[in-house]
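**Student:** Just my_file_23.pdb, nothing more (PDB, C-alpha atoms):
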```
ATOM      1  CA  MET M 584      19.471   9.590   1.628
ATOM      2  CA  ASP M 585      19.657   7.073  -1.216
ATOM      3  CA  GLN M 586      17.280   5.743  -3.893
ATOM      4  CA  THR M 587      14.802   4.728  -1.213
ATOM      5  CA  GLY M 588      14.199   8.386  -0.339
ATOM      6  CA  LEU M 589      14.615   7.521   3.331
ATOM      7  CA  THR M 590      17.155   8.444   5.965
ATOM      8  CA  ALA M 591      18.933   5.750   7.992
ATOM      9  CA  SER M 592      16.725   6.597  10.984
ATOM     10  CA  GLU M 593      13.546   6.233   8.911
ATOM     11  CA  LYS M 594      14.722   2.876   7.598
ATOM     12  CA  ILE M 595      15.327   1.624  11.137
ATOM     13  CA  THR M 596      11.884   2.835  12.195
ATOM     14  CA  LEU M 597      10.195   1.008   9.315
ATOM     15  CA  PHE M 598      12.302  -2.116   9.754
ATOM     16  CA  SER M 599      11.447  -2.276  13.471
ATOM     17  CA  ALA M 600       7.715  -1.832  12.891
ATOM     18  CA  TRP M 601       7.721  -4.395  10.077
ATOM     19  CA  GLY M 602       9.438  -6.884  12.373
ATOM     20  CA  LEU M 603       6.471  -6.702  14.746
ATOM     21  CA  ILE M 604       3.930  -7.750  12.103
ATOM     22  CA  ARG M 605       5.919  -9.913   9.679
ATOM     23  CA  LYS M 606       5.389 -13.125  11.636
ATOM     24  CA  ASP M 607       1.642 -13.039  10.865
ATOM     25  CA  LEU M 608       1.658 -11.711   7.296
ATOM     26  CA  ASP M 609      -1.334 -13.822   6.277
ATOM     27  CA  VAL M 610      -3.578 -12.457   9.018
ATOM     28  CA  HIS M 611      -2.346  -8.873   8.826
ATOM     29  CA  GLY M 612      -2.432  -8.917   5.034
ATOM     30  CA  ARG M 613      -5.973 -10.257   4.983
ATOM     31  CA  ASN M 614      -7.071  -7.654   7.530
ATOM     32  CA  VAL M 615      -5.523  -4.825   5.512
ATOM     33  CA  LEU M 616      -7.210  -5.935   2.284
ATOM     34  CA  LEU M 617     -10.561  -6.316   4.052
ATOM     35  CA  LEU M 618     -10.125  -2.840   5.534
ATOM     36  CA  LEU M 619      -9.230  -1.492   2.086
ATOM     37  CA  PHE M 620     -12.367  -3.063   0.596
ATOM     38  CA  HIS M 621     -14.501  -1.715   3.444
ATOM     39  CA  LYS M 622     -13.201   1.837   3.086
ATOM     40  CA  HIS M 623     -12.829   1.768  -0.719
ATOM     41  CA  PRO M 624     -15.133  -0.927  -2.180
ATOM     42  CA  ARG M 625     -14.068  -0.121  -5.757
ATOM     43  CA  TYR M 626     -10.785  -1.973  -5.085
ATOM     44  CA  ILE M 627     -12.557  -5.343  -4.835
ATOM     45  CA  ALA M 628     -12.685  -5.349  -8.637
ATOM     46  CA  TYR M 629      -8.862  -5.031  -8.786
ATOM     47  CA  PHE M 630      -8.445  -8.563  -7.440
ATOM     48  CA  ASP M 631      -9.365 -12.055  -8.623
ATOM     49  CA  PHE M 632     -10.910 -14.238  -5.930
ATOM     50  CA  THR M 633     -11.995 -17.100  -8.181
ATOM     51  CA  ASP M 634      -9.322 -19.563  -7.037
ATOM     52  CA  ASP M 635     -11.456 -20.400  -3.999
ATOM     53  CA  PRO M 636     -14.947 -21.111  -5.390
ATOM     54  CA  ASN M 637     -16.089 -22.721  -2.127
ATOM     55  CA  ALA M 638     -15.518 -19.641   0.024
ATOM     56  CA  GLN M 639     -18.708 -18.248   1.500
ATOM     57  CA  SER M 640     -17.234 -14.773   2.059
ATOM     58  CA  LEU M 641     -14.080 -12.788   1.442
ATOM     59  CA  VAL M 642     -13.008 -13.359   5.052
ATOM     60  CA  ASP M 643     -12.672 -17.087   4.331
ATOM     61  CA  ASN M 644     -11.454 -16.809   0.745
ATOM     62  CA  LYS M 645      -8.023 -18.404   0.285
ATOM     63  CA  SER M 646      -7.477 -16.334  -2.875
ATOM     64  CA  LEU M 647      -7.710 -13.258  -0.662
ATOM     65  CA  TYR M 648      -5.135 -14.720   1.731
ATOM     66  CA  ASP M 649      -2.829 -15.567  -1.164
ATOM     67  CA  GLN M 650      -3.020 -12.087  -2.641
ATOM     68  CA  ALA M 651      -2.625 -10.481   0.772
ATOM     69  CA  ILE M 652       0.523 -12.512   1.407
ATOM     70  CA  HIS M 653       1.834 -11.551  -2.029
ATOM     71  CA  VAL M 654       1.272  -7.820  -1.390
ATOM     72  CA  PHE M 655       2.793  -7.960   2.073
ATOM     73  CA  LYS M 656       5.815  -9.943   0.901
ATOM     74  CA  ALA M 657       6.479  -7.303  -1.766
ATOM     75  CA  VAL M 658       6.385  -4.529   0.838
ATOM     76  CA  GLY M 659       8.475  -6.701   3.148
ATOM     77  CA  ALA M 660      11.079  -7.280   0.431
ATOM     78  CA  LEU M 661      11.449  -3.528   0.019
ATOM     79  CA  ILE M 662      11.874  -3.019   3.756
ATOM     80  CA  GLU M 663      13.887  -6.093   4.740
ATOM     81  CA  TYR M 664      16.223  -6.339   1.760
ATOM     82  CA  GLY M 665      15.880  -3.181  -0.293
ATOM     83  CA  PHE M 666      16.791  -0.886   2.575
ATOM     84  CA  LYS M 667      20.141  -2.670   2.868
ATOM     85  CA  ASP M 668      20.769  -2.537  -0.872
ATOM     86  CA  PRO M 669      19.369   0.444  -2.816
ATOM     87  CA  VAL M 670      19.994  -1.299  -6.152
ATOM     88  CA  LEU M 671      17.851  -4.226  -4.957
ATOM     89  CA  PHE M 672      15.228  -1.733  -3.734
ATOM     90  CA  ASP M 673      15.115  -0.208  -7.213
ATOM     91  CA  ALA M 674      14.967  -3.617  -8.911
ATOM     92  CA  THR M 675      12.136  -4.754  -6.625
ATOM     93  CA  LEU M 676      10.165  -1.599  -7.362
ATOM     94  CA  ARG M 677      10.700  -2.080 -11.094
ATOM     95  CA  LYS M 678       9.377  -5.634 -10.807
ATOM     96  CA  ILE M 679       6.325  -4.484  -8.852
ATOM     97  CA  THR M 680       5.484  -1.823 -11.436
ATOM     98  CA  ARG M 681       6.049  -4.258 -14.320
ATOM     99  CA  ARG M 682       3.615  -6.700 -12.708
ATOM    100  CA  HIS M 683       0.967  -3.976 -12.635
ATOM    101  CA  LYS M 684       1.752  -2.405 -16.011
ATOM    102  CA  ASP M 685      -1.300  -3.773 -17.801
ATOM    103  CA  ARG M 686      -3.662  -3.152 -14.904
ATOM    104  CA  PRO M 687      -5.310   0.145 -14.032
ATOM    105  CA  VAL M 688      -3.103   0.775 -10.983
ATOM    106  CA  TYR M 689      -2.063   4.381 -10.521
ATOM    107  CA  SER M 690       0.023   6.343  -8.044
ATOM    108  CA  GLU M 691      -3.106   7.444  -6.181
ATOM    109  CA  ASP M 692      -4.090   3.795  -5.702
ATOM    110  CA  ILE M 693      -0.730   3.089  -4.095
ATOM    111  CA  LEU M 694      -1.156   6.067  -1.761
ATOM    112  CA  THR M 695      -4.655   4.881  -0.842
ATOM    113  CA  ILE M 696      -3.345   1.413  -0.013
ATOM    114  CA  GLY M 697      -0.513   3.027   1.953
ATOM    115  CA  GLU M 698      -2.983   5.119   3.925
ATOM    116  CA  VAL M 699      -5.105   2.079   4.778
ATOM    117  CA  LEU M 700      -2.007   0.074   5.729
ATOM    118  CA  LEU M 701      -0.717   2.882   7.947
ATOM    119  CA  ASN M 702      -4.109   3.175   9.672
ATOM    120  CA  TYR M 703      -4.040  -0.565  10.248
ATOM    121  CA  LEU M 704      -0.498  -0.439  11.636
ATOM    122  CA  GLU M 705      -1.553   2.285  14.055
ATOM    123  CA  GLN M 706      -4.304  -0.011  15.348
ATOM    124  CA  ALA M 707      -2.256  -3.221  15.324
ATOM    125  CA  LEU M 708       0.876  -1.781  16.919
ATOM    126  CA  GLY M 709      -0.854   0.523  19.385
ATOM    127  CA  ARG M 710       1.633   1.857  21.917
ATOM    128  CA  GLN M 711       4.466  -0.051  20.210
ATOM    129  CA  MET M 712       4.261   2.326  17.271
ATOM    130  CA  SER M 713       6.933   5.005  17.285
ATOM    131  CA  ASP M 714       6.051   8.648  16.729
ATOM    132  CA  SER M 715       8.273   8.727  13.646
ATOM    133  CA  LEU M 716       6.626   5.759  11.901
ATOM    134  CA  PRO M 717       3.819   7.644  10.107
ATOM    135  CA  ASP M 718       6.212  10.059   8.390
ATOM    136  CA  ALA M 719       8.718   7.349   7.462
ATOM    137  CA  PHE M 720       5.966   5.061   6.222
ATOM    138  CA  TRP M 721       4.366   7.825   4.167
ATOM    139  CA  LYS M 722       7.715   8.672   2.562
ATOM    140  CA  LEU M 723       8.132   5.019   1.585
ATOM    141  CA  PHE M 724       4.709   4.894  -0.033
ATOM    142  CA  GLN M 725       5.309   8.182  -1.846
ATOM    143  CA  THR M 726       8.467   6.618  -3.291
ATOM    144  CA  ILE M 727       6.533   3.516  -4.359
ATOM    145  CA  ALA M 728       3.684   5.618  -5.800
ATOM    146  CA  GLY M 729       6.195   7.682  -7.760
ATOM    147  CA  ARG M 730       6.925   4.597  -9.884
ATOM    148  CA  PHE M 731       3.306   4.286 -11.007
ATOM    149  CA  PRO M 732       1.569   6.491 -13.575
ATOM    150  CA  ALA M 733      -0.559   9.404 -12.414
ATOM    151  CA  THR M 734      -4.287   8.841 -12.319
ATOM    152  CA  PRO M 735      -5.749   9.986 -15.628
ATOM    153  CA  LYS M 736      -8.062  12.935 -15.310
ATOM    154  CA  THR M 737     -11.439  12.610 -16.933
ATOM    155  CA  PRO M 738     -12.980  15.680 -18.525
ATOM    156  CA  ILE M 739     -15.464  17.405 -16.260
ATOM    157  CA  ALA M 740     -18.793  18.025 -17.963
ATOM    158  CA  ASP M 741     -19.495  21.136 -15.914
ATOM    159  CA  GLU M 742     -16.538  23.515 -15.941
ATOM    160  CA  GLY M 743     -17.712  25.074 -12.684
ATOM    161  CA  GLY M 744     -14.639  23.710 -10.901
ATOM    162  CA  ASP M 745     -16.695  21.390  -8.689
ATOM    163  CA  ASP M 746     -14.612  18.460  -7.502
ATOM    164  CA  ALA M 747     -17.766  16.369  -7.082
ATOM    165  CA  ASN M 748     -17.260  15.078 -10.638
ATOM    166  CA  ASP M 749     -13.712  13.939  -9.926
ATOM    167  CA  PRO M 750     -13.869  10.111  -9.857
ATOM    168  CA  GLN M 751     -10.826   9.831  -7.589
ATOM    169  CA  PRO M 752     -11.000  12.579  -4.938
ATOM    170  CA  THR M 753      -8.144  12.577  -2.491
ATOM    171  CA  THR M 754      -8.661  12.571   1.236
ATOM    172  CA  SER M 755      -7.616  15.518   3.307
ATOM    173  CA  GLN M 756      -4.922  13.326   4.874
ATOM    174  CA  GLN M 757      -3.504  12.517   1.430
ATOM    175  CA  ARG M 758      -3.538  16.198   0.473
ATOM    176  CA  ASP M 759      -1.798  17.113   3.738
ATOM    177  CA  ARG M 760       0.864  14.452   3.238
ATOM    178  CA  ALA M 761       1.337  15.343  -0.426
ATOM    179  CA  SER M 762       1.939  18.957   0.519
ATOM    180  CA  ASP M 763       4.723  17.793   2.841
ATOM    181  CA  ALA M 764       6.489  16.025  -0.043
ATOM    182  CA  PRO M 765       9.808  17.534  -1.163
TER     183      PRO M 765
END
```
Go ahead and express the file in the form of structure tokens.
**Tutor:**
Amino acid sequence: MDQTGLTASEKITLFSAWGLIRKDLDVHGRNVLLLLFHKHPRYIAYFDFTDDPNAQSLVDNKSLYDQAIHVFKAVGALIEYGFKDPVLFDATLRKITRRHKDRPVYSEDILTIGEVLLNYLEQALGRQMSDSLPDAFWKLFQTIAGRFPATPKTPIADEGGDDANDPQPTTSQQRDRASDAP
């Protein structure tokens, strides 16, 4: 294992899966962002869609397409080039985190996006998806998330230990995957 945190087999698994969707990054990227916004509407505010004032909806918004392509190309750069060169992988991750430094993007946000993307890949790839892809993909997103700051905890007014006041509760799937982390 190198700086990517992935074994050679996991890299091959991710590279193969990425190859199946990379030819339609605009469509897949748009679909993933729309799915993210559907499941987690708070993320709409993270993006600027004003470059396409004539769009009647997000589905048709060219700003959404542009940002989706940008996100997918960053993930693609990590997979296609960074896996071959761990120093490039590290440099790409540093650039991604620098780009988001002044925005409220935290490690949990990256894991949420990773979870939505993995769910989408499961649907898009269907039977072409290997059994090892979810674990390899989750390891990649844990590595990416590790470069972002932790979500700040807000003080809970009632000290009863109720997680209902936590503004960023994790899903059971995230908790399960986090417990598998080394």
**Student:** Taking the file as I've supplied it (selection: the PyMOL selection byres ((chain M and resi 614) around 10)), which residues are included? Please answer as number ranges by chain.
**Tutor:** M: 608-613, 615-620, 642, 647-648, 651, 700, 703
**Student:** With a distance cut-off of 10 Å and all atoms listed in the file, select the neighbouring residues of Thr695 of chain M, excluding the residue or stretch itself and same-chain residues fewer than 3 positions from it, and output the selection as a PyMOL selection string.
**Tutor:** chain M and resi 619+622-623+690-692+698-701+724+728+753-754+757
**Student:** Given the file shown, enumerate the residues that the PyMOL selection byres ((chain M and resi 585) around 10) captures and present them as a PyMOL selection string.
**Tutor:** chain M and resi 584+586-591+666+668-670
**Student:** Can you list, as a list in words, the residues that the PyMOL selection byres ((chain M and resi 662-664) around 10) selects here?
**Tutor:**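 Matching residues under the PyMOL selection byres ((chain M and resi 662-664) around 10) are Thr587, Lys594, Ile595, Leu597, Phe598, Ser599, Trp601, Gly602, Lys656, Ala657, Val658, Gly659, Ala660, Leu661, Gly665, Phe666, Lys667, Asp668, Pro669, Leu671, Phe672, Thr675 and Leu723 of chain M.
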**Student:** In Å, rounded to a single decimal, give me how far atom CA of Ile652 of chain M is from atom CA of Ala707 of chain M.
**Tutor:**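 We find that atom CA of Ala707 of chain M and atom CA of Ile652 of chain M lie 17.0 Å from each other.
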**Student:** Quick one: of M:Leu641, M:Gly697, M:His683, M:Phe630, who's nearest to Ala719 of chain M, counting only C-alpha atoms?
**Tutor:**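 Nearest to Ala719 of chain M: M:Gly697.
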**Student:** For segment 731-734 of chain M, find every residue with an atom within 12 Å (counting only C-alpha atoms), except residues of its own chain fewer than 6 positions away, and show them as a list in words.
**Tutor:**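 The filter keeps Leu676, Arg677, Lys678, Ile679, Thr680, Arg681, Arg682, His683, Lys684, Asp685, Arg686, Pro687, Val688, Tyr689, Ser690, Glu691, Asp692, Ile693, Leu694, Phe724, Gln725, Asp749, Pro750, Gln751, Pro752 and Thr753 of chain M.
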**Student:** For atom CA of Leu716 of chain M and atom CA of Arg605 of chain M, determine how far apart the two atoms are, in Å to one decimal place.
**Tutor:**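 Calculated distance between atom CA of Leu716 of chain M and atom CA of Arg605 of chain M is 15.8 Å.
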**Student:** Out of M:Arg710, M:Phe655, M:Gly729, M:Ser640, which residue has the shortest atom-to-atom distance to Lys606 of chain M when counting only C-alpha atoms?
**Tutor:** M:Phe655
